[in-house]
file run.txt (compact mmCIF, C-alpha atoms)
# COMPACT_ATOMS: atom_id res chain seq x y z
CA MET L 1 80.50 236.73 67.75
CA LEU L 2 79.43 235.24 71.07
CA ASN L 3 77.57 237.48 73.50
CA VAL L 4 78.95 237.05 77.00
CA SER L 5 77.38 238.60 80.09
CA ILE L 6 79.50 238.56 83.24
CA TYR L 7 78.71 239.47 86.84
CA ARG L 8 80.99 242.29 87.94
CA TYR L 9 81.46 243.63 91.42
CA ASN L 10 84.42 245.40 92.92
CA PRO L 11 83.40 246.50 96.46
CA GLU L 12 86.12 249.19 96.46
CA VAL L 13 84.58 250.94 93.45
CA ASP L 14 81.04 249.67 92.79
CA SER L 15 78.10 250.47 95.04
CA GLU L 16 76.35 247.32 93.80
CA PRO L 17 76.97 244.41 91.43
CA TYR L 18 76.08 244.69 87.73
CA MET L 19 76.19 242.53 84.60
CA GLN L 20 78.75 243.58 81.97
CA ASP L 21 78.30 242.54 78.34
CA PHE L 22 81.19 241.49 76.12
CA GLN L 23 81.50 240.14 72.62
CA VAL L 24 83.98 237.35 72.00
CA ASP L 25 85.12 235.90 68.69
CA THR L 26 85.55 232.17 69.28
CA GLN L 27 86.18 231.57 65.54
CA GLY L 28 83.46 228.95 65.62
CA LYS L 29 85.45 226.69 67.92
CA ASP L 30 83.83 224.79 70.78
CA VAL L 31 86.28 226.05 73.40
CA MET L 32 85.82 225.84 77.16
CA VAL L 33 84.16 228.59 79.20
CA LEU L 34 87.50 229.21 80.94
CA ASP L 35 89.11 229.97 77.54
CA VAL L 36 86.50 232.69 77.03
CA LEU L 37 87.23 234.13 80.49
CA GLU L 38 90.99 234.07 79.83
CA LYS L 39 90.49 235.85 76.49
CA LEU L 40 88.35 238.50 78.17
CA LYS L 41 90.95 238.98 80.89
CA THR L 42 93.55 239.87 78.27
CA GLU L 43 91.19 242.66 77.14
CA ASP L 44 90.09 243.72 80.62
CA PRO L 45 92.71 242.78 83.25
CA THR L 46 90.37 243.85 86.09
CA LEU L 47 88.10 240.84 85.41
CA THR L 48 88.69 238.59 88.41
CA PHE L 49 88.18 234.84 88.72
CA ARG L 50 89.94 231.85 90.25
CA ARG L 51 91.60 229.21 88.10
CA SER L 52 94.55 226.91 88.38
CA CYS L 53 94.89 223.49 86.75
CA ARG L 54 92.47 224.18 83.84
CA GLU L 55 91.58 220.47 83.62
CA GLY L 56 88.91 219.82 86.24
CA VAL L 57 91.22 218.59 88.99
CA CYS L 58 91.85 221.55 91.30
CA GLY L 59 88.25 222.77 91.62
CA SER L 60 89.19 226.48 91.63
CA ASP L 61 87.02 227.76 88.79
CA GLY L 62 83.55 226.74 89.95
CA VAL L 63 81.13 229.36 88.59
CA ASN L 64 77.48 229.58 87.65
CA ILE L 65 77.39 229.09 83.88
CA SER L 66 74.10 230.06 82.19
CA GLY L 67 72.24 229.15 85.38
CA LYS L 68 74.02 225.90 86.21
CA ASN L 69 77.01 225.52 88.51
CA GLY L 70 80.05 223.94 86.94
CA LEU L 71 83.79 224.16 86.37
CA ALA L 72 84.60 226.72 83.67
CA CYS L 73 87.62 224.71 82.52
CA ILE L 74 85.73 221.55 81.56
CA THR L 75 82.42 223.07 80.41
CA PRO L 76 82.45 223.48 76.61
CA LEU L 77 80.53 226.35 75.03
CA SER L 78 78.30 223.82 73.25
CA GLU L 79 76.90 222.85 76.67
CA ALA L 80 76.74 226.34 78.13
CA VAL L 81 75.63 228.75 75.39
CA LYS L 82 71.91 229.32 74.97
CA GLY L 83 70.75 231.45 72.00
CA ASN L 84 74.32 232.68 71.31
CA LYS L 85 74.51 234.02 74.87
CA LEU L 86 76.74 232.93 77.72
CA VAL L 87 75.95 234.21 81.22
CA ILE L 88 78.58 233.76 83.93
CA ARG L 89 77.92 234.53 87.58
CA PRO L 90 79.71 233.59 90.80
CA LEU L 91 78.55 230.45 92.62
CA PRO L 92 75.32 231.44 94.43
CA GLY L 93 74.74 231.58 98.17
CA LEU L 94 78.17 232.64 99.42
CA PRO L 95 79.50 236.21 99.78
CA VAL L 96 81.18 237.69 96.70
CA ILE L 97 84.69 239.03 97.26
CA ARG L 98 85.07 240.41 93.75
CA ASP L 99 83.57 239.55 90.34
CA LEU L 100 83.48 235.73 90.14
CA VAL L 101 85.48 235.13 93.31
CA ILE L 102 83.47 234.05 96.35
CA ASP L 103 84.35 233.77 100.02
CA MET L 104 84.34 230.04 100.72
CA SER L 105 85.02 230.25 104.49
CA GLN L 106 81.53 228.95 105.36
CA PHE L 107 81.95 226.03 102.97
CA TYR L 108 85.31 225.09 104.51
CA ALA L 109 83.95 225.54 108.05
CA GLN L 110 81.34 222.87 107.30
CA TYR L 111 84.02 220.64 105.78
CA GLU L 112 86.11 221.04 108.94
CA LYS L 113 83.13 220.05 111.12
CA ILE L 114 82.97 216.51 109.71
CA GLN L 115 86.61 215.87 110.70
CA PRO L 116 87.85 215.06 107.20
CA TYR L 117 90.72 212.85 108.26
CA MET L 118 91.24 209.28 109.38
CA ILE L 119 90.68 208.66 113.09
CA ASN L 120 92.16 205.44 114.38
CA ASN L 121 93.51 205.20 117.91
CA ASN L 122 94.74 201.63 117.57
CA PRO L 123 98.53 201.24 117.51
CA ALA L 124 99.81 201.69 113.97
CA PRO L 125 100.93 198.42 112.34
CA ALA L 126 104.55 198.03 111.21
CA ILE L 127 103.86 198.76 107.55
CA GLU L 128 100.36 200.10 106.82
CA ARG L 129 96.67 199.61 107.63
CA LEU L 130 95.46 197.12 105.05
CA GLN L 131 92.09 197.04 103.31
CA SER L 132 90.54 194.28 101.25
CA PRO L 133 89.69 195.19 97.63
CA GLU L 134 85.99 195.13 98.67
CA GLU L 135 86.58 197.55 101.55
CA ARG L 136 88.56 199.83 99.24
CA ALA L 137 85.79 199.70 96.63
CA LYS L 138 83.40 201.32 99.13
CA LEU L 139 85.37 204.56 98.82
CA ASP L 140 84.82 204.81 95.06
CA GLY L 141 82.50 207.67 94.20
CA LEU L 142 83.44 209.41 97.49
CA TYR L 143 87.17 210.15 97.51
CA GLU L 144 87.07 211.83 94.06
CA CYS L 145 85.45 215.03 95.44
CA ILE L 146 87.62 218.08 94.64
CA LEU L 147 85.77 220.51 96.96
CA CYS L 148 84.85 222.89 94.15
CA ALA L 149 81.61 223.79 96.01
CA CYS L 150 79.44 223.50 92.88
CA CYS L 151 77.08 221.11 94.73
CA SER L 152 76.76 222.91 98.07
CA THR L 153 76.15 226.27 96.39
CA ALA L 154 73.42 224.69 94.22
CA CYS L 155 71.58 223.47 97.33
CA PRO L 156 68.73 225.66 98.69
CA SER L 157 69.11 224.10 102.15
CA PHE L 158 72.74 225.26 102.15
CA TRP L 159 71.73 228.73 100.92
CA TRP L 160 69.33 229.17 103.86
CA ASN L 161 71.47 227.55 106.57
CA PRO L 162 75.14 227.50 105.50
CA ASP L 163 76.14 227.74 109.18
CA LYS L 164 74.06 224.73 110.30
CA PHE L 165 73.57 222.37 107.35
CA ILE L 166 76.82 220.57 106.41
CA GLY L 167 75.90 220.64 102.73
CA PRO L 168 76.25 217.92 100.06
CA SER L 169 80.01 218.24 99.66
CA GLY L 170 80.76 217.97 103.38
CA LEU L 171 78.31 215.09 103.78
CA LEU L 172 79.84 213.18 100.87
CA GLN L 173 83.17 213.55 102.67
CA ALA L 174 81.57 212.59 105.99
CA TYR L 175 80.40 209.33 104.43
CA ARG L 176 83.82 208.82 102.84
CA PHE L 177 85.24 208.45 106.38
CA LEU L 178 82.21 206.61 107.79
CA ALA L 179 82.61 204.04 105.01
CA ASP L 180 86.34 203.63 105.51
CA SER L 181 87.17 200.29 107.17
CA ARG L 182 90.30 201.81 108.73
CA ASP L 183 88.44 204.57 110.58
CA THR L 184 87.34 203.72 114.13
CA ALA L 185 85.39 206.89 115.04
CA THR L 186 82.10 205.86 113.40
CA GLU L 187 79.97 206.28 116.54
CA GLU L 188 81.46 209.67 117.37
CA ARG L 189 81.02 210.86 113.78
CA LEU L 190 77.37 209.71 113.70
CA ALA L 191 76.63 211.32 117.08
CA ASN L 192 77.81 214.66 115.70
CA LEU L 193 75.40 214.41 112.76
CA ASP L 194 72.14 213.47 114.53
CA ASP L 195 70.47 216.86 114.81
CA PRO L 196 67.69 218.36 112.65
CA PHE L 197 70.16 220.39 110.55
CA SER L 198 73.53 218.76 109.85
CA VAL L 199 72.23 215.89 107.69
CA PHE L 200 68.46 216.13 107.83
CA ARG L 201 68.15 219.50 106.09
CA CYS L 202 68.72 217.49 102.92
CA HIS L 203 65.29 217.06 101.33
CA GLY L 204 66.69 215.02 98.46
CA ILE L 205 66.06 217.42 95.58
CA MET L 206 69.33 216.24 94.01
CA ASN L 207 70.58 219.60 92.66
CA CYS L 208 73.98 218.43 93.91
CA VAL L 209 73.90 215.33 91.72
CA GLN L 210 72.83 217.38 88.70
CA VAL L 211 75.75 219.82 88.93
CA CYS L 212 78.67 217.72 90.24
CA PRO L 213 81.43 218.10 87.63
CA LYS L 214 82.98 214.83 88.77
CA GLY L 215 79.73 212.88 88.35
CA LEU L 216 79.45 212.04 92.07
CA ASN L 217 76.23 211.43 93.98
CA PRO L 218 76.07 213.26 97.34
CA THR L 219 72.34 212.46 97.75
CA LYS L 220 73.14 208.75 97.74
CA ALA L 221 75.91 209.26 100.31
CA ILE L 222 73.48 211.23 102.51
CA GLY L 223 71.02 208.31 102.22
CA HIS L 224 73.78 205.96 103.43
CA ILE L 225 74.51 208.26 106.41
CA ARG L 226 70.79 208.23 107.28
CA SER L 227 70.75 204.42 107.11
CA MET L 228 73.79 204.26 109.39
CA LEU L 229 72.09 206.64 111.85
CA ILE L 230 68.96 204.45 111.85
CA ARG L 231 71.02 201.28 112.42
CA SER L 232 72.96 202.85 115.28
CA ALA L 233 69.84 204.32 116.94
CA THR L 234 67.84 202.73 119.71
CA MET K 1 75.96 219.22 116.37
CA VAL K 2 73.28 221.93 116.21
CA THR K 3 70.92 222.18 119.20
CA THR K 4 67.22 222.96 118.82
CA VAL K 5 64.40 223.61 121.27
CA THR K 6 61.25 223.90 119.15
CA SER K 7 61.66 220.92 116.79
CA LEU K 8 59.23 218.09 117.47
CA GLY K 9 61.58 215.20 118.25
CA ARG K 10 64.73 217.20 119.14
CA SER K 11 66.79 214.79 117.03
CA GLY K 12 67.05 214.91 113.26
CA LEU K 13 66.61 211.17 112.97
CA SER K 14 63.49 211.17 115.12
CA ASP K 15 61.88 214.02 113.12
CA TRP K 16 62.80 212.29 109.87
CA MET K 17 61.23 209.00 110.97
CA ILE K 18 58.06 210.67 112.30
CA GLN K 19 57.76 212.50 108.97
CA ARG K 20 57.97 209.23 106.99
CA ILE K 21 55.64 207.21 109.22
CA SER K 22 53.04 209.99 109.41
CA ALA K 23 53.14 210.26 105.61
CA TRP K 24 52.31 206.55 105.31
CA VAL K 25 49.46 206.86 107.83
CA MET K 26 47.94 209.80 105.92
CA THR K 27 48.29 207.93 102.63
CA ALA K 28 46.56 204.87 104.10
CA TYR K 29 43.72 206.99 105.51
CA LEU K 30 43.24 208.83 102.21
CA ALA K 31 43.24 205.54 100.30
CA PHE K 32 40.70 204.06 102.72
CA ILE K 33 38.36 207.07 102.45
CA VAL K 34 38.56 207.16 98.64
CA VAL K 35 37.90 203.42 98.38
CA TYR K 36 35.02 203.74 100.88
CA PHE K 37 33.39 206.55 98.85
CA ILE K 38 33.80 204.63 95.60
CA GLY K 39 32.40 201.46 97.22
CA ASN K 40 29.40 203.34 98.65
CA PRO K 41 28.07 205.64 95.90
CA ASP K 42 24.69 206.05 97.67
CA LEU K 43 26.18 206.89 101.05
CA SER K 44 23.62 208.11 103.60
CA TYR K 45 24.31 210.22 106.69
CA ALA K 46 23.26 207.37 108.99
CA GLN K 47 25.80 205.06 107.35
CA TRP K 48 28.54 207.72 107.50
CA ALA K 49 27.77 208.46 111.18
CA GLU K 50 27.80 204.76 112.00
CA LEU K 51 31.21 204.32 110.37
CA ASN K 52 32.70 207.28 112.23
CA SER K 53 31.26 206.35 115.59
CA SER K 54 32.80 202.89 115.55
CA LEU K 55 35.85 202.57 117.81
CA PRO K 56 38.30 201.27 115.13
CA MET K 57 37.40 204.14 112.78
CA ARG K 58 37.72 206.68 115.58
CA MET K 59 41.17 205.33 116.38
CA PHE K 60 42.20 205.35 112.72
CA SER K 61 40.94 208.95 112.40
CA LEU K 62 42.71 210.00 115.60
CA ILE K 63 46.01 208.42 114.55
CA THR K 64 45.68 210.23 111.21
CA ILE K 65 44.97 213.55 112.94
CA LEU K 66 48.01 213.09 115.18
CA SER K 67 50.04 212.22 112.09
CA ILE K 68 48.87 215.37 110.31
CA ALA K 69 49.75 217.42 113.41
CA ALA K 70 53.23 215.90 113.72
CA HIS K 71 53.85 216.15 109.98
CA ALA K 72 52.76 219.80 109.92
CA TRP K 73 54.83 220.62 113.02
CA ILE K 74 58.02 219.21 111.47
CA GLY K 75 57.30 220.70 108.05
CA MET K 76 56.44 224.16 109.34
CA TRP K 77 59.43 224.09 111.67
CA CYS K 78 61.66 223.41 108.65
CA VAL K 79 60.09 226.25 106.64
CA LEU K 80 60.36 228.73 109.52
CA THR K 81 64.00 227.85 110.28
CA ASP K 82 64.81 228.17 106.56
CA TYR K 83 63.36 231.62 105.96
CA ILE K 84 63.11 233.44 109.29
CA THR K 85 66.77 233.48 110.28
CA VAL K 86 69.19 236.12 111.53
CA ARG K 87 71.22 235.61 108.34
CA LEU K 88 68.27 236.52 106.12
CA ILE K 89 66.31 239.18 108.02
CA GLY K 90 68.58 240.41 110.80
CA PRO K 91 68.72 240.25 114.61
CA LYS K 92 64.95 240.46 115.10
CA ALA K 93 64.59 237.10 113.38
CA THR K 94 64.93 234.97 116.52
CA ALA K 95 62.02 236.66 118.30
CA ILE K 96 59.86 236.63 115.16
CA ARG K 97 60.63 232.97 114.48
CA ILE K 98 59.87 231.86 118.05
CA PHE K 99 56.60 233.83 117.89
CA PHE K 100 55.59 232.01 114.70
CA GLN K 101 56.85 228.64 115.98
CA LEU K 102 54.88 228.90 119.22
CA GLY K 103 51.85 230.13 117.24
CA MET K 104 52.17 227.17 114.89
CA ILE K 105 52.46 224.75 117.82
CA ALA K 106 49.42 226.33 119.55
CA VAL K 107 47.28 226.17 116.39
CA THR K 108 48.33 222.55 115.79
CA LEU K 109 47.39 221.52 119.34
CA LEU K 110 44.06 223.39 119.11
CA TYR K 111 43.20 221.56 115.90
CA VAL K 112 44.03 218.21 117.55
CA ILE K 113 41.80 218.94 120.55
CA TRP K 114 39.01 220.23 118.31
CA ALA K 115 39.28 217.10 116.13
CA ILE K 116 39.04 214.83 119.18
CA ASP K 117 35.96 216.76 120.31
CA ILE K 118 34.35 216.26 116.88
CA LEU K 119 35.27 212.57 116.66
CA TRP K 120 33.91 211.66 120.09
CA GLY K 121 30.92 214.00 119.70
CA ILE K 122 29.38 212.07 116.83

call {"tool": "encode", "arguments": {"input": "run.txt", "output": "structure tokens"}}
result
Amino acid sequence: MLNVSIYRYNPEVDSEPYMQDFQVDTQGKDVMVLDVLEKLKTEDPTLTFRRSCREGVCGSDGVNISGKNGLACITPLSEAVKGNKLVIRPLPGLPVIRDLVIDMSQFYAQYEKIQPYMINNNPAPAIERLQSPEERAKLDGLYECILCACCSTACPSFWWNPDKFIGPSGLLQAYRFLADSRDTATEERLANLDDPFSVFRCHGIMNCVQVCPKGLNPTKAIGHIRSMLIRSAT
Amino acid sequence: MVTTVTSLGRSGLSDWMIQRISAWVMTAYLAFIVVYFIGNPDLSYAQWAELNSSLPMRMFSLITILSIAAHAWIGMWCVLTDYITVRLIGPKATAIRIFFQLGMIAVTLLYVIWAIDILWGI
């Protein structure tokens, strides 16, 4: 039997959060953490968590699994269980709505700040804006982000200043548009980032790289943004 | 864009660059001092005073002191704006943080002036 400890908090009933212990029979199989949560939910329907695609694409089920942020649906027990114990908490640093569900408004507000869409005021060509294979290749490792918030909520700089520091996820997306040959707002985008918080609160501890379930590297993208800021500065 | 009034360079890029350059200056000074001590195992006071009263050494020391001051200013500013915030300790945080920031700036400037007095007093 696997010992599972889960963070529980229902603000309508509980005065404060607590850890609830469960025992789960996995029949020795190396199932995913989400399978354990689903099984527990059949026993206790009040257990609340987000999930959707169950294959690491939608980014809904980001949780803190035995101390490390990750997606419950693609984290096998063999990676998460330590000493026959599995501890599941909500992603740290953002307000808890209930159990494992967090309020991601602050995370999305930072995403919105970097204008996550193509800006190009030139007249649209008849068919489409073309890119060379080399220009397109620059977007690899950037466009794959699924906004699960595992990286930003693993970042101490984001914990302390979630209203001022864009966070690794938002900055990866910021660079995705800075690096896009079809986007013409590079100067405006860079001007919005040159303050002591938005980009420069990153001290390069690389927690984001360690936890990204898609294997992306926000620290590297932040380094590229810094280089672009230096090149554009006087 | 977040505005700031007590950061050293006002811009993130400027603070970042000052932090890197000052780190290199301090590393160079430390390396020089260590090599000098190793190269002069029987160092006398007269020799030490002569080294520190030469103009190039005074300039090197002063640049290092200014680097330490700038580095500390930026570093302490980061620490204070991380931990003394309205989010973490409530509405009094702004007044408390500005008190500590101004105190930090005052202490840093006093150290710089004191160091100049020592360097040119040898």

call {"tool": "residues_around", "arguments": {"input": "run.txt", "residues": "Leu66 in chain K", "least_positions_apart": "2", "cutoff": "12 Å", "atoms": "all atoms listed in the file", "output": "mmCIF file with C-alpha atoms, keeping the file's coordinate frame"}}
result
data_model
loop_
_atom_site.group_PDB
_atom_site.id
_atom_site.type_symbol
_atom_site.label_atom_id
_atom_site.label_comp_id
_atom_site.auth_asym_id
_atom_site.auth_seq_id
_atom_site.Cartn_x
_atom_site.Cartn_y
_atom_site.Cartn_z
ATOM 1 C CA ILE K 18 58.060 210.670 112.300
ATOM 2 C CA GLN K 19 57.760 212.500 108.970
ATOM 3 C CA ILE K 21 55.640 207.210 109.220
ATOM 4 C CA SER K 22 53.040 209.990 109.410
ATOM 5 C CA ALA K 23 53.140 210.260 105.610
ATOM 6 C CA VAL K 25 49.460 206.860 107.830
ATOM 7 C CA MET K 26 47.940 209.800 105.920
ATOM 8 C CA MET K 59 41.170 205.330 116.380
ATOM 9 C CA PHE K 60 42.200 205.350 112.720
ATOM 10 C CA SER K 61 40.940 208.950 112.400
ATOM 11 C CA LEU K 62 42.710 210.000 115.600
ATOM 12 C CA ILE K 63 46.010 208.420 114.550
ATOM 13 C CA THR K 64 45.680 210.230 111.210
ATOM 14 C CA ILE K 68 48.870 215.370 110.310
ATOM 15 C CA ALA K 69 49.750 217.420 113.410
ATOM 16 C CA ALA K 70 53.230 215.900 113.720
ATOM 17 C CA HIS K 71 53.850 216.150 109.980
ATOM 18 C CA ALA K 72 52.760 219.800 109.920
ATOM 19 C CA TRP K 73 54.830 220.620 113.020
ATOM 20 C CA THR K 108 48.330 222.550 115.790
ATOM 21 C CA LEU K 109 47.390 221.520 119.340
ATOM 22 C CA LEU K 110 44.060 223.390 119.110
ATOM 23 C CA TYR K 111 43.200 221.560 115.900
ATOM 24 C CA VAL K 112 44.030 218.210 117.550
ATOM 25 C CA ILE K 113 41.800 218.940 120.550
ATOM 26 C CA TRP K 114 39.010 220.230 118.310
ATOM 27 C CA ALA K 115 39.280 217.100 116.130
ATOM 28 C CA ILE K 116 39.040 214.830 119.180
#

call {"tool": "interface_residues", "arguments": {"input": "run.txt", "of": "chain K", "to": "chain L", "cutoff": "10 Å", "atoms": "only C-alpha atoms", "output": "JSON, numbers by chain"}}
result
{"K": [1, 2, 3, 4, 7, 8, 9, 10, 11, 12, 13, 14, 15, 16, 17, 74, 78, 81, 82, 83, 84, 85, 87, 88]}

call {"tool": "write_last_selection", "arguments": {"input": "run.txt", "atoms": "C-alpha atoms", "output": "compact mmCIF listing (two decimals), keeping the file's coordinate frame"}}
result
# COMPACT_ATOMS: atom_id res chain seq x y z
CA MET K 1 75.96 219.22 116.37
CA VAL K 2 73.28 221.93 116.21
CA THR K 3 70.92 222.18 119.20
CA THR K 4 67.22 222.96 118.82
CA SER K 7 61.66 220.92 116.79
CA LEU K 8 59.23 218.09 117.47
CA GLY K 9 61.58 215.20 118.25
CA ARG K 10 64.73 217.20 119.14
CA SER K 11 66.79 214.79 117.03
CA GLY K 12 67.05 214.91 113.26
CA LEU K 13 66.61 211.17 112.97
CA SER K 14 63.49 211.17 115.12
CA ASP K 15 61.88 214.02 113.12
CA TRP K 16 62.80 212.29 109.87
CA MET K 17 61.23 209.00 110.97
CA ILE K 74 58.02 219.21 111.47
CA CYS K 78 61.66 223.41 108.65
CA THR K 81 64.00 227.85 110.28
CA ASP K 82 64.81 228.17 106.56
CA TYR K 83 63.36 231.62 105.96
CA ILE K 84 63.11 233.44 109.29
CA THR K 85 66.77 233.48 110.28
CA ARG K 87 71.22 235.61 108.34
CA LEU K 88 68.27 236.52 106.12

call {"tool": "closest_residue", "arguments": {"input": "run.txt", "among": "L:Leu171, L:Asn120, L:Ala109, L:Phe177", "to": "Glu135 in chain L", "atoms": "all atoms listed in the file"}}
result
L:Phe177

call {"tool": "atom_distance", "arguments": {"input": "run.txt", "atom1": "CA of Leu172 in chain L", "atom2": "CA of Leu142 in chain L"}}
result
6.2 Å

call {"tool": "residues_around", "arguments": {"input": "run.txt", "residues": "Ser78 in chain L", "least_positions_apart": "2", "cutoff": "12 Å", "atoms": "all atoms listed in the file", "output": "PyMOL selection string"}}
result
chain L and resi 2+26+28-33+65-66+74-76+80-86

call {"tool": "atom_distance", "arguments": {"input": "run.txt", "atom1": "CA of Arg182 in chain L", "atom2": "CA of Leu130 in chain L"}}
result
7.9 Å

call {"tool": "residues_near_point", "arguments": {"input": "run.txt", "point": "(62.4, 234.5, 114.5)", "cutoff": "12 Å", "atoms": "all atoms listed in the file", "output": "ChimeraX atom specification"}}
result
/K:6,77,79-103

call {"tool": "residues_around", "arguments": {"input": "run.txt", "residues": "Ala179 in chain L", "least_positions_apart": "3", "cutoff": "7 Å", "atoms": "all atoms listed in the file", "output": "list in words"}}
result
Lys138, Leu139, Tyr175 and Arg176 of chain L

call {"tool": "closest_residue", "arguments": {"input": "run.txt", "among": "K:Val35, K:Met76, K:Leu119, K:Ile105", "to": "Pro56 in chain K", "atoms": "all atoms listed in the file"}}
result
K:Leu119

call {"tool": "closest_residue", "arguments": {"input": "run.txt", "among": "L:Thr153, L:Gln115, L:Ser60, L:Asn122", "to": "Leu178 in chain L", "atoms": "only C-alpha atoms"}}
result
L:Gln115

call {"tool": "atom_distance", "arguments": {"input": "run.txt", "atom1": "CA of Val87 in chain L", "atom2": "CA of Phe49 in chain L"}}
result
14.4 Å

call {"tool": "closest_residue", "arguments": {"input": "run.txt", "among": "K:Val5, K:Ala28, K:Ile33, K:Met104", "to": "Asn52 in chain K", "atoms": "only C-alpha atoms"}}
result
K:Ile33

call {"tool": "residues_around", "arguments": {"input": "run.txt", "residues": "Ser152 in chain L", "least_positions_apart": "6", "cutoff": "7 Å", "atoms": "all atoms listed in the file", "output": "list in words"}}
result
Phe158, Gly167, Pro168, Ser169 and Cys208 of chain L

call {"tool": "axis_aligned_box", "arguments": {"input": "run.txt", "around": "range 48-55 of chain K", "padding_each_side": "5 Å", "output": "lines of an AutoDock Vina configuration file"}}
result
center_x = 31.8
center_y = 205.5
center_z = 112.7
size_x = 18.1
size_y = 15.9
size_z = 20.3

call {"tool": "residues_around", "arguments": {"input": "run.txt", "residues": "Asp21 in chain L", "least_positions_apart": "4", "cutoff": "7 Å", "atoms": "only C-alpha atoms", "output": "PyMOL selection string"}}
result
chain L and resi 4-6

call {"tool": "closest_residue", "arguments": {"input": "run.txt", "among": "L:Ser52, L:Asn69, L:Gln110, L:Gln23", "to": "Asn207 in chain L", "atoms": "all atoms listed in the file"}}
result
L:Asn69

call {"tool": "closest_residue", "arguments": {"input": "run.txt", "among": "L:Gly170, L:Gly141, L:Pro95, L:Pro213", "to": "Lys68 in chain L", "atoms": "all atoms listed in the file"}}
result
L:Pro213
